[in-house]
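These notes are about the structure you will find just below.
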Amino acid sequence: MQIKSSTVLRNDYGTVSSLAHQTREPIYITKNGDGDIVVMSIDAFEEREKMLDHRAAVLEAEFSRLAGEPTYSLSDVRAKLKEKYSHA
């Protein structure tokens, strides 16, 4: 975890930007010694968003399974796909 002051961000943006790209981690920016904002590269942010979307989809699927929605084994899915594409 990287922590930088708002003064560093204001006076040396290039260093903070390079650090964000190199570490691919969030950089916590403080203001008057207290946490204020978080800065990260766009690539790291988009990767994080994809991971969170994936986790949400897995969680939604698990809730559906626990609620009694029908589930299919891998062999069931393969059989259905073979049947579907054999008629295409």
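We name chains A, B, ... following the order of the structure tokens; residues begin at 1 in each chain, and ligands are numbered from 1 as shown.
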So that I can check the surroundings of segment 27-37 of chain A, please list as a PDB file with all heavy atoms, in the first residue's frame every protein, DNA and RNA residue that reaches within 9 Å of it, counting only C-alpha atoms and ignoring chain neighbours fewer than 4 positions away.
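Okay, this is what ended up in result.pdb:
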```pdb
ATOM      1  N   MET A   1       0.851  -1.172   0.000  1.00  0.00           N
ATOM      2  CA  MET A   1       0.000   0.000   0.000  1.00  0.00           C
ATOM      3  C   MET A   1       0.899   1.238   0.000  1.00  0.00           C
ATOM      4  O   MET A   1       1.839   1.320   0.774  1.00  0.00           O
ATOM      5  CB  MET A   1      -0.910  -0.012   1.224  1.00  0.00           C
ATOM      6  CG  MET A   1      -1.652   1.265   1.403  1.00  0.00           C
ATOM      7  SD  MET A   1      -2.844   1.428   2.766  1.00  0.00           S
ATOM      8  CE  MET A   1      -2.401   0.273   3.970  1.00  0.00           C
ATOM      9  N   GLN A   2       0.587   2.146  -0.879  1.00  0.00           N
ATOM     10  CA  GLN A   2       1.323   3.399  -0.987  1.00  0.00           C
ATOM     11  C   GLN A   2       0.478   4.535  -0.417  1.00  0.00           C
ATOM     12  O   GLN A   2      -0.717   4.627  -0.702  1.00  0.00           O
ATOM     13  CB  GLN A   2       1.644   3.699  -2.451  1.00  0.00           C
ATOM     14  CG  GLN A   2       2.498   2.660  -3.125  1.00  0.00           C
ATOM     15  CD  GLN A   2       3.933   2.715  -2.647  1.00  0.00           C
ATOM     16  OE1 GLN A   2       4.458   3.768  -2.311  1.00  0.00           O
ATOM     17  NE2 GLN A   2       4.570   1.561  -2.623  1.00  0.00           N
ATOM     18  N   ILE A   3       1.109   5.367   0.382  1.00  0.00           N
ATOM     19  CA  ILE A   3       0.433   6.537   0.958  1.00  0.00           C
ATOM     20  C   ILE A   3       1.264   7.764   0.619  1.00  0.00           C
ATOM     21  O   ILE A   3       2.469   7.786   0.866  1.00  0.00           O
ATOM     22  CB  ILE A   3       0.264   6.406   2.484  1.00  0.00           C
ATOM     23  CG1 ILE A   3      -0.543   5.154   2.829  1.00  0.00           C
ATOM     24  CG2 ILE A   3      -0.393   7.661   3.054  1.00  0.00           C
ATOM     25  CD1 ILE A   3      -0.604   4.844   4.302  1.00  0.00           C
ATOM     26  N   LYS A   4       0.616   8.753   0.031  1.00  0.00           N
ATOM     27  CA  LYS A   4       1.291   9.995  -0.330  1.00  0.00           C
ATOM     28  C   LYS A   4       0.433  11.167   0.133  1.00  0.00           C
ATOM     29  O   LYS A   4      -0.793  11.056   0.237  1.00  0.00           O
ATOM     30  CB  LYS A   4       1.496  10.100  -1.849  1.00  0.00           C
ATOM     31  CG  LYS A   4       2.327   8.985  -2.447  1.00  0.00           C
ATOM     32  CD  LYS A   4       3.767   9.098  -2.033  1.00  0.00           C
ATOM     33  CE  LYS A   4       4.584   7.970  -2.634  1.00  0.00           C
ATOM     34  NZ  LYS A   4       5.930   7.927  -2.103  1.00  0.00           N
ATOM     35  N   SER A   5       1.086  12.287   0.376  1.00  0.00           N
ATOM     36  CA  SER A   5       0.336  13.481   0.781  1.00  0.00           C
ATOM     37  C   SER A   5      -0.215  14.195  -0.450  1.00  0.00           C
ATOM     38  O   SER A   5       0.290  14.018  -1.561  1.00  0.00           O
ATOM     39  CB  SER A   5       1.235  14.434   1.577  1.00  0.00           C
ATOM     40  OG  SER A   5       2.191  15.016   0.728  1.00  0.00           O
ATOM     41  N   SER A   6      -1.205  15.015  -0.218  1.00  0.00           N
ATOM     42  CA  SER A   6      -1.770  15.790  -1.325  1.00  0.00           C
ATOM     43  C   SER A   6      -0.731  16.746  -1.898  1.00  0.00           C
ATOM     44  O   SER A   6      -0.766  17.068  -3.083  1.00  0.00           O
ATOM     45  CB  SER A   6      -3.017  16.557  -0.877  1.00  0.00           C
ATOM     46  OG  SER A   6      -2.700  17.442   0.182  1.00  0.00           O
ATOM     47  N   THR A   7       0.226  17.152  -1.083  1.00  0.00           N
ATOM     48  CA  THR A   7       1.293  18.033  -1.557  1.00  0.00           C
ATOM     49  C   THR A   7       2.132  17.320  -2.614  1.00  0.00           C
ATOM     50  O   THR A   7       2.486  17.915  -3.635  1.00  0.00           O
ATOM     51  CB  THR A   7       2.193  18.464  -0.382  1.00  0.00           C
ATOM     52  OG1 THR A   7       1.382  19.084   0.610  1.00  0.00           O
ATOM     53  CG2 THR A   7       3.272  19.426  -0.840  1.00  0.00           C
ATOM     54  N   VAL A   8       2.435  16.039  -2.389  1.00  0.00           N
ATOM     55  CA  VAL A   8       3.204  15.275  -3.374  1.00  0.00           C
ATOM     56  C   VAL A   8       2.411  15.170  -4.669  1.00  0.00           C
ATOM     57  O   VAL A   8       2.963  15.343  -5.760  1.00  0.00           O
ATOM     58  CB  VAL A   8       3.574  13.878  -2.830  1.00  0.00           C
ATOM     59  CG1 VAL A   8       4.183  13.005  -3.913  1.00  0.00           C
ATOM     60  CG2 VAL A   8       4.510  13.993  -1.642  1.00  0.00           C
ATOM     61  N   LEU A   9       1.119  14.904  -4.562  1.00  0.00           N
ATOM     62  CA  LEU A   9       0.284  14.811  -5.755  1.00  0.00           C
ATOM     63  C   LEU A   9       0.275  16.142  -6.504  1.00  0.00           C
ATOM     64  O   LEU A   9       0.427  16.180  -7.727  1.00  0.00           O
ATOM     65  CB  LEU A   9      -1.141  14.393  -5.372  1.00  0.00           C
ATOM     66  CG  LEU A   9      -2.126  14.255  -6.527  1.00  0.00           C
ATOM     67  CD1 LEU A   9      -1.694  13.147  -7.485  1.00  0.00           C
ATOM     68  CD2 LEU A   9      -3.516  13.958  -5.993  1.00  0.00           C
ATOM     69  N   VAL A  16       3.732  10.328  -8.914  1.00  0.00           N
ATOM     70  CA  VAL A  16       2.563   9.590  -8.425  1.00  0.00           C
ATOM     71  C   VAL A  16       1.952   8.778  -9.562  1.00  0.00           C
ATOM     72  O   VAL A  16       1.601   7.602  -9.383  1.00  0.00           O
ATOM     73  CB  VAL A  16       1.523  10.543  -7.788  1.00  0.00           C
ATOM     74  CG1 VAL A  16       0.261   9.797  -7.397  1.00  0.00           C
ATOM     75  CG2 VAL A  16       2.126  11.246  -6.572  1.00  0.00           C
ATOM     76  N   LEU A  19       4.201   5.800 -10.277  1.00  0.00           N
ATOM     77  CA  LEU A  19       4.056   4.827  -9.199  1.00  0.00           C
ATOM     78  C   LEU A  19       2.773   4.024  -9.357  1.00  0.00           C
ATOM     79  O   LEU A  19       2.750   2.800  -9.192  1.00  0.00           O
ATOM     80  CB  LEU A  19       4.087   5.537  -7.843  1.00  0.00           C
ATOM     81  CG  LEU A  19       4.033   4.667  -6.603  1.00  0.00           C
ATOM     82  CD1 LEU A  19       5.244   3.750  -6.532  1.00  0.00           C
ATOM     83  CD2 LEU A  19       3.956   5.553  -5.361  1.00  0.00           C
ATOM     84  N   ALA A  20       1.673   4.705  -9.719  1.00  0.00           N
ATOM     85  CA  ALA A  20       0.385   4.016  -9.915  1.00  0.00           C
ATOM     86  C   ALA A  20       0.478   3.002 -11.048  1.00  0.00           C
ATOM     87  O   ALA A  20      -0.052   1.891 -10.947  1.00  0.00           O
ATOM     88  CB  ALA A  20      -0.718   5.034 -10.193  1.00  0.00           C
TER      89      ALA A  20
END
```
(message) Please identify the helix (DSSP H, G or I) residues within chain A (assignment by DSSP from backbone atoms) and present them as a ChimeraX atom specification.
(response) /A:6-11,13-23,42-66,74-86
(message) My list of candidates is A:Glu25, A:Ala79, A:Leu66, A:Val39. Which is closest to Tyr13 of chain A when distances are computed with only C-alpha atoms?
(response)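 Using only C-alpha atoms, the shortest distance to Tyr13 of chain A belongs to A:Val39.
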(request) List every residue of chain A that DSSP, applied to the backbone of this structure, places in strand (DSSP E or B), and write the result as JSON, numbers by chain. (result) {"A": [2, 3, 4, 5, 27, 28, 29, 30, 31, 34, 35, 36, 37, 38, 39]}
